[in-house]
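For reference, start-v7.cif (mmCIF, C-alpha atoms):
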data_structure
loop_
_atom_site.label_atom_id
_atom_site.label_comp_id
_atom_site.auth_asym_id
_atom_site.auth_seq_id
_atom_site.Cartn_x
_atom_site.Cartn_y
_atom_site.Cartn_z
CA MET B 1 0.00 0.00 0.00
CA ASN B 2 2.92 2.35 0.80
CA ALA B 3 4.40 1.71 -2.64
CA GLN B 4 1.07 2.47 -4.32
CA ARG B 5 0.67 5.66 -2.33
CA ARG B 6 4.15 6.93 -3.09
CA ASN B 7 3.88 6.19 -6.77
CA ARG B 8 0.73 8.23 -7.33
CA PRO B 9 1.84 10.76 -9.96
CA GLU B 10 -0.78 13.34 -9.02
CA ALA B 11 0.31 13.63 -5.37
CA ALA B 12 2.64 16.48 -4.38
CA ARG B 13 5.79 15.02 -2.88
CA VAL B 14 7.43 15.86 0.44
CA LEU B 15 10.93 14.83 1.52
CA VAL B 16 11.06 13.68 5.16
CA VAL B 17 14.54 13.53 6.73
CA ASP B 18 14.89 11.97 10.19
CA ASP B 19 17.07 9.22 11.62
CA GLU B 20 14.23 7.85 13.80
CA ALA B 21 12.04 5.35 11.94
CA ASP B 22 8.96 5.97 14.10
CA ILE B 23 9.11 9.75 13.42
CA ARG B 24 9.46 9.10 9.69
CA GLU B 25 6.44 6.78 9.78
CA LEU B 26 4.36 9.30 11.75
CA LEU B 27 5.14 12.08 9.28
CA ASP B 28 4.59 9.75 6.32
CA LEU B 29 1.12 8.70 7.54
CA THR B 30 0.12 12.29 8.38
CA LEU B 31 1.16 13.51 4.94
CA ALA B 32 -0.64 10.62 3.24
CA ARG B 33 -3.89 11.58 5.00
CA MET B 34 -3.42 15.07 3.56
CA GLY B 35 -3.16 13.61 0.05
CA LEU B 36 0.62 14.03 -0.17
CA ALA B 37 3.28 11.47 -1.04
CA ALA B 38 6.44 11.23 1.07
CA ASP B 39 9.98 10.08 0.38
CA CYS B 40 11.91 9.32 3.56
CA ALA B 41 15.63 9.68 4.23
CA GLY B 42 17.54 8.75 7.37
CA SER B 43 20.65 10.87 6.87
CA LEU B 44 22.02 14.00 5.27
CA ALA B 45 23.64 11.98 2.48
CA GLU B 46 20.38 10.18 1.63
CA ALA B 47 18.55 13.52 1.59
CA ARG B 48 21.04 15.01 -0.86
CA GLU B 49 20.70 11.98 -3.12
CA ALA B 50 16.89 12.28 -3.06
CA LEU B 51 17.07 16.00 -3.89
CA ALA B 52 19.35 15.24 -6.83
CA ARG B 53 16.88 12.65 -8.20
CA ARG B 54 13.60 14.56 -8.12
CA SER B 55 11.86 17.79 -7.10
CA TYR B 56 9.68 18.27 -4.00
CA ARG B 57 7.10 20.71 -2.73
CA LEU B 58 8.44 20.65 0.85
CA CYS B 59 11.29 19.21 2.90
CA LEU B 60 10.85 18.34 6.59
CA THR B 61 14.14 17.67 8.39
CA ASP B 62 15.24 16.96 11.92
CA MET B 63 18.04 19.14 13.31
CA ARG B 64 20.07 16.14 14.49
CA LEU B 65 21.19 13.71 11.80
CA PRO B 66 23.81 10.96 12.06
CA ASP B 67 26.14 12.56 9.50
CA GLY B 68 25.46 16.26 10.07
CA ASP B 69 22.68 18.58 11.12
CA GLY B 70 19.57 20.12 9.66
CA LEU B 71 21.26 23.49 9.15
CA GLU B 72 23.59 21.91 6.59
CA LEU B 73 20.58 20.64 4.67
CA VAL B 74 18.88 24.06 4.89
CA ARG B 75 21.98 25.71 3.40
CA HIS B 76 22.29 23.01 0.72
CA ILE B 77 18.67 23.56 -0.34
CA ALA B 78 19.10 27.36 -0.29
CA GLU B 79 22.03 27.02 -2.71
CA ASN B 80 20.73 24.26 -4.98
CA CYS B 81 16.91 24.16 -4.72
CA ARG B 82 16.00 27.79 -4.10
CA ASP B 83 12.25 27.34 -4.66
CA LEU B 84 11.95 24.45 -2.17
CA PRO B 85 10.64 25.41 1.29
CA VAL B 86 12.36 23.49 4.08
CA ALA B 87 11.10 23.22 7.67
CA VAL B 88 13.21 21.98 10.56
CA ILE B 89 12.15 19.94 13.58
CA THR B 90 13.92 21.16 16.73
CA ALA B 91 14.17 19.90 20.29
CA TYR B 92 11.56 21.26 22.69
CA GLY B 93 12.46 24.75 23.91
CA SER B 94 15.47 25.10 21.60
CA ALA B 95 14.78 28.68 20.49
CA GLU B 96 18.40 29.19 19.41
CA ASN B 97 18.23 26.33 16.92
CA ALA B 98 14.91 27.57 15.55
CA VAL B 99 16.22 31.10 15.03
CA ALA B 100 19.44 29.81 13.47
CA ALA B 101 17.44 27.70 11.01
CA LEU B 102 15.18 30.62 10.06
CA LYS B 103 18.19 32.90 9.53
CA ALA B 104 19.76 30.21 7.32
CA GLY B 105 16.67 30.28 5.08
CA ALA B 106 14.26 27.75 6.59
CA PHE B 107 10.59 28.24 5.77
CA ASP B 108 9.47 27.45 9.33
CA TYR B 109 10.15 25.15 12.26
CA LEU B 110 8.36 22.63 14.49
CA ALA B 111 9.26 21.75 18.08
CA LYS B 112 9.32 18.20 19.43
CA PRO B 113 7.07 16.54 20.34
CA VAL B 114 5.50 17.40 17.01
CA ALA B 115 1.91 18.63 17.36
CA LEU B 116 -0.04 17.25 14.40
CA GLU B 117 -2.28 20.34 14.08
CA GLN B 118 0.83 22.54 13.79
CA LEU B 119 2.37 20.11 11.30
CA ARG B 120 -0.72 20.16 9.11
CA ALA B 121 -0.88 23.97 9.19
CA LEU B 122 2.79 24.23 8.23
CA VAL B 123 2.41 21.75 5.37
CA ARG B 124 -0.65 23.53 4.00
CA SER B 125 1.20 26.86 4.05
CA ALA B 126 4.26 25.43 2.29
CA VAL B 127 2.32 23.58 -0.40
CA ASP B 128 0.28 26.74 -1.04
CA LEU B 129 3.36 28.85 -1.83
CA PRO B 130 3.53 30.39 -5.32
CA ALA B 131 5.62 28.29 -7.69
CA VAL B 132 7.88 31.22 -8.56
CA PRO B 133 9.31 33.62 -5.96
CA GLY B 134 7.26 36.80 -5.89
CA ALA B 135 4.69 35.49 -8.38
CA ARG B 136 1.11 36.63 -7.96
CA GLU B 137 -1.87 36.83 -10.24
CA ALA B 138 -2.63 40.51 -9.75
CA GLU B 139 -1.06 43.57 -8.20
CA PRO B 140 -2.15 43.70 -4.56
CA GLU B 141 -4.19 46.63 -3.32
CA HIS B 142 -1.51 47.79 -0.91
CA ALA B 143 1.35 47.99 -3.40
CA LEU B 144 4.64 49.79 -2.89
CA LEU B 145 5.08 52.16 -5.82
CA GLY B 146 8.41 53.31 -7.17
CA ALA B 147 11.22 52.46 -9.55
CA SER B 148 14.17 53.85 -7.59
CA PRO B 149 17.01 51.46 -6.68
CA ALA B 150 16.01 51.63 -3.00
CA ILE B 151 12.40 50.61 -3.68
CA ARG B 152 13.45 47.91 -6.15
CA GLN B 153 15.70 46.46 -3.44
CA VAL B 154 12.81 46.49 -0.95
CA LEU B 155 10.47 44.75 -3.41
CA GLU B 156 13.09 42.10 -4.17
CA THR B 157 13.55 41.43 -0.46
CA ILE B 158 9.78 41.27 0.09
CA GLY B 159 9.54 38.65 -2.67
CA LYS B 160 11.99 36.48 -0.71
CA LEU B 161 10.34 37.12 2.66
CA ALA B 162 6.96 36.09 1.26
CA ARG B 163 8.31 32.56 0.75
CA SER B 164 9.17 32.14 4.43
CA GLN B 165 7.28 31.99 7.71
CA ALA B 166 10.14 33.58 9.66
CA PRO B 167 9.37 36.60 11.86
CA VAL B 168 10.19 39.86 10.07
CA TYR B 169 11.25 43.13 11.69
CA ILE B 170 10.59 46.24 9.59
CA HIS B 171 12.23 49.48 10.61
CA GLY B 172 12.28 52.93 9.10
CA GLU B 173 11.16 56.49 9.69
CA SER B 174 7.51 57.31 10.27
CA GLY B 175 5.53 57.49 7.05
CA THR B 176 7.82 55.24 4.98
CA GLY B 177 5.20 52.54 4.39
CA LYS B 178 6.07 49.88 6.97
CA GLU B 179 2.49 48.58 7.16
CA ARG B 180 2.25 48.52 3.35
CA ALA B 181 5.39 46.38 3.25
CA ALA B 182 3.94 44.03 5.87
CA ARG B 183 0.68 43.68 3.91
CA LEU B 184 2.62 42.99 0.73
CA ILE B 185 4.62 40.21 2.42
CA HIS B 186 1.31 38.73 3.58
CA GLU B 187 -0.46 39.05 0.22
CA MET B 188 2.42 37.54 -1.75
CA GLY B 189 2.89 34.57 0.58
CA ALA B 190 1.19 31.33 1.49
CA ARG B 191 -0.99 33.01 4.13
CA ARG B 192 -2.62 35.42 1.65
CA SER B 193 -6.03 33.71 2.06
CA GLY B 194 -5.84 34.18 5.84
CA PRO B 195 -6.44 37.37 7.84
CA PHE B 196 -3.98 40.25 8.15
CA VAL B 197 -4.40 41.75 11.62
CA PRO B 198 -2.60 45.07 12.25
CA VAL B 199 -2.10 46.09 15.88
CA ASN B 200 -0.83 49.46 17.09
CA CYS B 201 0.99 48.42 20.25
CA GLY B 202 1.22 52.01 21.47
CA ALA B 203 -2.55 52.51 21.46
CA ILE B 204 -3.49 49.72 23.93
CA PRO B 205 -3.74 50.52 27.67
CA GLU B 206 -1.25 48.44 29.65
CA ASN B 207 -3.93 46.84 31.85
CA LEU B 208 -5.75 45.53 28.75
CA MET B 209 -2.69 44.19 26.91
CA GLU B 210 -2.99 40.52 27.85
CA SER B 211 -6.74 40.25 27.18
CA GLU B 212 -6.40 42.12 23.86
CA PHE B 213 -3.60 39.87 22.64
CA PHE B 214 -4.69 36.47 23.98
CA GLY B 215 -8.43 36.80 24.72
CA TYR B 216 -10.28 35.61 27.82
CA ARG B 217 -12.84 33.14 29.12
CA LYS B 218 -16.27 34.10 30.39
CA GLY B 219 -16.19 34.95 34.08
CA SER B 220 -12.39 35.29 34.27
CA PHE B 221 -12.74 38.87 35.54
CA THR B 222 -15.42 41.48 36.18
CA GLY B 223 -17.07 42.38 32.89
CA ALA B 224 -16.04 39.18 31.06
CA ASP B 225 -19.61 38.23 30.12
CA THR B 226 -18.66 36.02 27.14
CA ASP B 227 -15.69 34.16 25.75
CA ARG B 228 -13.61 36.48 23.61
CA GLY B 229 -10.64 35.90 21.35
CA GLY B 230 -7.65 38.21 21.10
CA PHE B 231 -5.38 39.31 18.30
CA PHE B 232 -3.70 35.91 18.06
CA GLN B 233 -7.04 34.16 17.58
CA ALA B 234 -8.17 36.78 15.04
CA ALA B 235 -4.98 36.26 13.02
CA GLN B 236 -5.18 32.44 13.08
CA GLY B 237 -3.90 31.10 9.77
CA GLY B 238 -2.71 34.56 8.75
CA THR B 239 -0.37 37.35 9.79
CA LEU B 240 -0.20 39.41 12.98
CA PHE B 241 1.42 42.81 12.35
CA LEU B 242 2.72 44.46 15.52
CA ASP B 243 3.22 48.12 14.67
CA GLU B 244 5.32 50.21 17.08
CA VAL B 245 6.36 47.05 18.91
CA ALA B 246 8.83 49.13 20.94
CA GLU B 247 5.87 50.51 22.90
CA LEU B 248 5.10 47.13 24.54
CA PRO B 249 5.70 47.16 28.32
CA LEU B 250 8.29 44.71 29.62
CA ALA B 251 5.71 42.45 31.30
CA MET B 252 3.88 42.02 27.99
CA GLN B 253 7.14 41.39 26.17
CA VAL B 254 7.68 38.26 28.30
CA LYS B 255 4.25 36.87 27.41
CA LEU B 256 4.70 37.70 23.73
CA LEU B 257 8.08 35.96 23.66
CA ARG B 258 6.56 32.71 24.96
CA ALA B 259 3.69 32.86 22.46
CA ILE B 260 6.09 33.31 19.56
CA GLN B 261 8.49 30.57 20.70
CA GLU B 262 5.92 27.93 21.59
CA LYS B 263 3.31 28.90 18.97
CA ARG B 264 0.67 28.55 21.65
CA VAL B 265 -1.33 31.05 23.73
CA ARG B 266 -3.47 30.85 26.85
CA ARG B 267 -6.59 32.98 27.22
CA ILE B 268 -7.09 34.69 30.58
CA GLY B 269 -9.02 32.27 32.76
CA ALA B 270 -8.36 29.24 30.54
CA ALA B 271 -6.87 26.02 31.90
CA ALA B 272 -5.07 24.99 28.72
CA GLU B 273 -3.13 26.62 25.91
CA GLU B 274 -4.33 26.62 22.31
CA PRO B 275 -2.27 26.57 19.10
CA ALA B 276 -1.43 29.93 17.53
CA ASP B 277 -0.81 29.52 13.81
CA VAL B 278 0.23 33.08 13.00
CA ARG B 279 3.18 34.74 11.32
CA ILE B 280 4.62 37.66 13.26
CA ILE B 281 5.71 40.82 11.46
CA SER B 282 6.74 43.73 13.70
CA ALA B 283 7.75 47.31 13.01
CA THR B 284 8.87 50.48 14.72
CA HIS B 285 10.49 53.79 13.86
CA GLN B 286 12.62 53.56 17.02
CA ASN B 287 16.06 51.98 17.33
CA LEU B 288 15.31 48.63 18.99
CA GLY B 289 18.99 47.82 19.44
CA GLN B 290 19.44 51.03 21.40
CA LEU B 291 16.35 50.26 23.50
CA VAL B 292 17.85 46.84 24.32
CA GLU B 293 21.03 48.57 25.54
CA GLN B 294 18.90 50.86 27.72
CA GLY B 295 17.00 47.91 29.21
CA ARG B 296 13.68 49.11 27.77
CA PHE B 297 13.28 46.17 25.37
CA ARG B 298 14.07 42.54 26.13
CA GLN B 299 17.08 41.22 24.30
CA ASP B 300 15.59 37.72 23.95
CA LEU B 301 12.43 39.12 22.33
CA PHE B 302 14.50 41.32 20.02
CA TYR B 303 16.50 38.23 19.04
CA ARG B 304 13.23 36.40 18.34
CA ILE B 305 11.39 39.00 16.24
CA ASN B 306 14.48 40.26 14.41
CA VAL B 307 15.10 37.01 12.52
CA ILE B 308 14.93 38.82 9.18
CA GLU B 309 15.22 42.60 8.95
CA LEU B 310 13.69 44.86 6.31
CA ARG B 311 14.66 48.52 6.20
CA MET B 312 12.25 50.96 4.57
CA PRO B 313 14.00 53.87 2.83
CA SER B 314 12.96 57.45 3.50
CA LEU B 315 11.38 59.47 0.71
CA SER B 316 14.54 61.57 0.45
CA GLU B 317 16.34 58.38 -0.67
CA CYS B 318 13.74 57.85 -3.42
CA ARG B 319 13.33 61.37 -4.85
CA GLU B 320 12.95 60.04 -8.40
CA ASP B 321 9.74 58.30 -7.28
CA VAL B 322 8.03 61.53 -6.14
CA PRO B 323 6.27 62.25 -9.50
CA LEU B 324 4.91 58.69 -9.71
CA LEU B 325 3.76 58.71 -6.08
CA SER B 326 2.22 62.17 -6.44
CA GLY B 327 0.21 61.13 -9.50
CA HIS B 328 -1.03 57.98 -7.82
CA ILE B 329 -2.03 59.83 -4.63
CA LEU B 330 -3.85 62.56 -6.59
CA GLU B 331 -5.79 59.95 -8.59
CA ARG B 332 -6.91 58.24 -5.39
CA LEU B 333 -7.81 61.46 -3.55
CA ALA B 334 -9.65 62.98 -6.52
CA GLY B 335 -11.54 59.74 -7.15
CA ALA B 336 -12.66 59.56 -3.52
CA ALA B 337 -13.86 63.17 -3.65
CA GLY B 338 -15.56 62.79 -7.04
CA LEU B 339 -13.31 65.42 -8.62
CA PRO B 340 -11.36 65.44 -11.87
CA VAL B 341 -7.69 64.61 -11.39
CA PRO B 342 -5.61 67.82 -11.51
CA ARG B 343 -2.17 67.92 -13.09
CA LEU B 344 0.98 69.07 -11.35
CA SER B 345 2.82 71.98 -12.96
CA GLU B 346 6.55 71.84 -13.69
CA GLY B 347 7.12 74.20 -10.78
CA ALA B 348 5.12 72.00 -8.41
CA LEU B 349 7.03 68.89 -9.45
CA LYS B 350 10.33 70.74 -8.97
CA ALA B 351 9.27 71.97 -5.53
CA LEU B 352 8.17 68.48 -4.47
CA GLY B 353 11.42 66.99 -5.75
CA GLU B 354 13.51 69.45 -3.71
CA TYR B 355 11.49 69.32 -0.49
CA PRO B 356 13.10 67.11 2.24
CA PHE B 357 9.80 65.51 3.40
CA PRO B 358 10.73 64.66 7.00
CA GLY B 359 7.30 63.00 7.26
CA ASN B 360 7.98 60.90 4.15
CA VAL B 361 5.10 59.58 2.01
CA ARG B 362 2.53 60.38 4.69
CA GLU B 363 3.56 64.04 4.56
CA LEU B 364 3.46 64.01 0.75
CA GLU B 365 -0.11 62.73 0.90
CA ASN B 366 -1.10 65.45 3.39
CA VAL B 367 0.44 68.15 1.19
CA LEU B 368 -1.43 66.94 -1.90
CA GLU B 369 -4.72 66.49 -0.03
CA ARG B 370 -4.54 70.07 1.22
CA ALA B 371 -3.66 71.37 -2.27
CA LEU B 372 -6.58 69.47 -3.81
CA ALA B 373 -9.04 70.75 -1.21
CA LEU B 374 -8.06 74.39 -1.81
CA LEU B 375 -7.58 74.16 -5.59
CA SER B 376 -9.76 76.38 -7.77
CA GLY B 377 -8.46 75.37 -11.19
CA SER B 378 -7.26 72.22 -12.95
CA GLU B 379 -3.53 72.54 -12.25
CA ILE B 380 -1.61 72.48 -8.97
CA GLY B 381 1.20 75.02 -8.95
CA ALA B 382 4.14 75.32 -6.57
CA GLU B 383 2.32 78.03 -4.59
CA ASP B 384 -0.69 75.69 -4.10
CA LEU B 385 1.47 73.17 -2.26
CA ARG B 386 2.22 75.63 0.56
CA LEU B 387 5.34 73.74 1.51
CA ALA B 388 6.87 74.77 4.83
CA PRO B 389 10.45 76.05 4.63
CA PRO B 390 12.86 73.23 5.50
CA ALA B 391 14.17 73.11 9.05
CA PRO B 392 17.73 74.47 9.52
CA GLU B 393 19.08 71.00 10.25
CA CYS B 394 17.65 69.73 6.95
CA VAL B 395 19.37 72.56 5.07
CA GLU B 396 22.62 71.94 6.92
CA ARG B 397 22.34 68.22 6.19
CA SER B 398 21.83 68.78 2.47
CA ARG B 399 24.77 71.23 2.32
CA GLY B 400 27.08 69.22 4.50
CA THR B 401 26.96 65.93 2.66
CA SER B 402 28.33 67.18 -0.66
CA GLY B 403 31.68 65.61 -1.45
CA LEU B 404 31.57 63.25 1.53
CA SER B 405 31.34 59.47 1.49
CA LEU B 406 28.49 57.97 3.51
CA GLN B 407 30.90 56.74 6.21
CA ASP B 408 32.59 60.15 6.50
CA TYR B 409 29.19 61.81 6.83
CA LEU B 410 28.05 59.34 9.49
CA ASP B 411 31.32 59.68 11.41
CA ARG B 412 31.02 63.46 11.37
CA ALA B 413 27.42 63.33 12.62
CA GLU B 414 28.37 60.86 15.37
CA ARG B 415 31.36 62.95 16.42
CA GLN B 416 29.20 66.06 16.65
CA ALA B 417 26.51 64.26 18.69
CA ILE B 418 29.12 62.99 21.17
CA ALA B 419 30.78 66.41 21.43
CA ASP B 420 27.41 68.07 22.11
CA ALA B 421 26.54 65.50 24.80
CA LEU B 422 29.94 65.93 26.50
CA GLU B 423 29.55 69.69 26.52
CA GLN B 424 26.03 69.47 27.98
CA THR B 425 27.23 67.18 30.80
CA GLY B 426 30.43 69.05 31.69
CA PHE B 427 32.47 66.32 29.97
CA ASN B 428 31.14 63.64 32.31
CA ARG B 429 31.33 60.56 30.10
CA THR B 430 28.92 58.48 32.18
CA ALA B 431 26.28 61.20 32.00
CA ALA B 432 26.97 61.76 28.30
CA ALA B 433 26.48 58.06 27.57
CA ARG B 434 23.15 58.17 29.44
CA LEU B 435 22.10 61.25 27.46
CA LEU B 436 22.98 59.56 24.16
CA GLY B 437 21.15 56.35 25.12
CA VAL B 438 24.24 54.10 24.94
CA THR B 439 26.33 52.23 27.48
CA PHE B 440 29.51 53.77 28.88
CA ARG B 441 31.53 51.02 27.20
CA SER B 442 29.86 51.75 23.85
CA LEU B 443 30.61 55.48 24.20
CA ARG B 444 34.26 54.79 25.04
CA TYR B 445 34.60 52.52 22.01
CA ARG B 446 33.01 55.11 19.71
CA MET B 447 35.26 57.87 20.99
CA GLU B 448 38.34 55.71 20.45
CA ARG B 449 37.24 54.88 16.92
CA LEU B 450 36.61 58.54 16.11
CA GLY B 451 39.91 59.71 17.67
CA MET B 452 38.19 61.77 20.39
CA ASN B 453 40.23 60.62 23.39
CA GLU B 454 42.95 63.22 23.11
#
Please re-express this file's structure in structure tokens.
Amino acid sequence: MNAQRRNRPEAARVLVVDDEADIRELLDLTLARMGLAADCAGSLAEAREALARRSYRLCLTDMRLPDGDGLELVRHIAENCRDLPVAVITAYGSAENAVAALKAGAFDYLAKPVALEQLRALVRSAVDLPAVPGAREAEPEHALLGASPAIRQVLETIGKLARSQAPVYIHGESGTGKERAARLIHEMGARRSGPFVPVNCGAIPENLMESEFFGYRKGSFTGADTDRGGFFQAAQGGTLFLDEVAELPLAMQVKLLRAIQEKRVRRIGAAAEEPADVRIISATHQNLGQLVEQGRFRQDLFYRINVIELRMPSLSECREDVPLLSGHILERLAGAAGLPVPRLSEGALKALGEYPFPGNVRELENVLERALALLSGSEIGAEDLRLAPPAPECVERSRGTSGLSLQDYLDRAERQAIADALEQTGFNRTAAARLLGVTFRSLRYRMERLGMNE
């Protein structure tokens, strides 16, 4: 019967790699009940031979193999079978192994003992991946527009991230489109048919955090009249986007860390945990690494959510995209207001291209919305934009960077910031380090590197 099952040509094939025969049989039977055929290998060498013989829709591998480890297989697949998702099976509580596998390119991970409901959810997600990286039938609603090198790089990275279940950390200035990037990762990936649940972590009162995230049982506290799910339950099978994750209080960070590591949550008042099949994408405009140094963000949680990092460029790095973005925004705003789409004059385009836009795309949208609301004709001129004069530091920044390499510019800015902090604190280095938000050791190292110890 096994031979008949494995030889069915219509069944998608999965490669199972584990040195324990009972685990291989368990995975084989589970996959067969899902309509999938499995080839089993007991070692790294057998797995490589199987991969050389045929193609698969998914590879499931244990971390410990008699002739190597699962990370070697993950790297081998990343180099030779780039379209093949690979999931690793780790020992219970081994968060370091899971993170290492995800950083090496694994699609996802499972912890022993393997929970069958989590296994089935993982397999469904992997088999549902687009056949070609970044492929999708239609442009998603929340697209990132632009043709600049910076935006092209972001879109290329998003295409890769969409083929993984690894946690993603998006950072960038306010208004750079972090939520749009998160939605695009969701819509291009295997979870696109599931919900996308955005959460502004800074907008939730601290005393409601746990119930909002994990839900509660009826009668668990005063006012709990019915059972209620939280964000994790709402995002089941989809993506949970934690915007401004730096705003989470430390007590909530501990609970979030456990939920991410164990893929299980417990409602307030519940006796047992329930599976949480969600992908975590987080974002903030703050420097999380600096917050970790200051003790305001847990290092273990940072390590867990920052498996893959995506940086969103500021609008000043994508100036060539301003005309395209402006046209798109005007079309949307005019359509919503039932007005004809105005054109931007040459002077308006020039003014927009030269403006620093500290608020990035969000500020550009506000400027155009105001111009459209006050417009009396069919063309927006430079005077209709009513752009505020750039702040002195923006002018100084634009003047001061000419002729400098990026590293020279950054070194000069860092040297000036340290000098200002030392002057404000009467050259007390401990106080200056506290003012700058770094450790004393970090300040001493930076001053040595910049030649400021004389």
Subject >> Residue among B:Glu117, B:Thr61, B:Asn207, B:Leu375 lying closest to B:Lys263, counting only C-alpha atoms >> reply: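 Closest to B:Lys263, using only C-alpha atoms: B:Glu117.
Taken over the shown file, the PyMOL selection byres ((chain B and resi 265) around 9) identifies Phe214, Phe232, Gln233, Lys255, Leu256, Arg258, Ala259, Ile260, Glu262, Lys263, Arg264, Arg266, Arg267, Ala272, Glu273, Glu274, Pro275 and Ala276 of chain B.
Across B:Ile305, B:Leu344, B:Ala150, B:Gln165, the tightest approach to B:Leu372 is made by B:Leu344 when counting only C-alpha atoms.
If only C-alpha atoms are the atoms counted, then among B:Arg124, B:His76, B:Arg64, B:Arg54 the closest residue to B:Leu36 is B:Arg124.
Residues in contact with B:Met447 at up to 12 Å, not including ones fewer than 3 positions away on its chain and judged by only C-alpha atoms, are Asp411, Arg412, Glu414, Arg415, Gln416, Ala417, Ile418, Ala419, Leu422, Arg429, Ala432, Ala433, Phe440, Arg441, Ser442, Leu443, Arg444, Leu450, Gly451, Met452, Asn453 and Glu454 of chain B.
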**OP:** Run the PyMOL selection byres ((chain B and resi 243-248) around 8) mentally over the shown coordinates, then write out the matched residues as a list in words, using the chain letters and numbers from the document.
**Re:** Glu179, Pro198, Val199, Asn200, Cys201, Gly202, Phe241, Leu242, Pro249, Leu250, Met252, Gln253, Ser282, Ala283, Thr284, His285, Gln286, Leu288 and Phe297 of chain B
**OP:** Just give me the gap between atom CA of B:Glu96 and atom CA of B:Glu46 in Å, one decimal is fine.
**Re:**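 Atom-to-atom, atom CA of B:Glu96 and atom CA of B:Glu46 are spaced 26.1 Å apart.
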**OP:** Please indicate the distance in Å from atom CA of B:Ala334 to atom CA of B:Leu155, rounded to one decimal place.
**Re:**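 Pair atom CA of B:Ala334 / atom CA of B:Leu155 returns 27.3 Å.
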**OP:** Would you mind reading off the distance between atom CA of B:Ile308 and atom CA of B:Ala166, one decimal, in Å?
**Re:** 7.1 Å
Original post:
At a cut-off of 7 Å from (0.9, 77.0, -11.7) in the coordinates of the file, what residues are picked up using all atoms listed in the file, written as a ChimeraX atom specification?
Top reply: /B:345,347,379-382
**OP:** Evaluate the PyMOL selection byres ((chain B and resi 216-218) around 10) on the structure here and hand back the selected residues as a ChimeraX atom specification.
**Re:** /B:210-215,219-230,266-271
Original post:
Which of these residues is nearest to B:Val322, using all atoms listed in the file: B:Gln236, B:Asn360, B:Thr439, B:Thr430?
Top reply: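 Residue with the minimum atom-to-atom distance to B:Val322: B:Asn360.
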**OP:** Within 12 Å of B:Ala121, counting all atoms listed in the file, which residues show up once you throw out same-chain ones fewer than 6 positions away? Write them as a PyMOL selection string, please.
**Re:** chain B and resi 30-31+34+108-110+115+127-128+165+190-191+194+236-238+263+275-279
Original post:
Looking at only C-alpha atoms, which of B:Val17, B:Val99, B:Arg82, B:Gln424 is the one that sits closest to B:Asp300?
Top reply: B:Val99
Original post:
For B:Ala104, which residue among B:Ile151, B:Leu15, B:Val86, B:Ala50 is the nearest when counting all atoms listed in the file?
Top reply: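 Of B:Ile151, B:Leu15, B:Val86, B:Ala50, the one nearest B:Ala104, counting all atoms listed in the file, is B:Val86.
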Subject >> Protein/DNA/RNA residues near (16.6, 38.7, 11.0), cut 8 Å, all atoms listed in the file, as a list in words >> reply: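 So the residues meeting the distance criterion are Lys103, Pro167, Val168, Tyr169, Ile305, Asn306, Val307, Ile308 and Glu309 of chain B.
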What are the centre and the three edge lengths of an axis-aligned box that wraps all atoms of stretch 432-449 of chain B in the file, given that 4 Å is added to every side, written as AutoDock Vina command-line options and rounded to one decimal in Å?
--center_x 29.7 --center_y 56.4 --center_z 23.2 --size_x 25.2 --size_y 18.7 --size_z 20.5
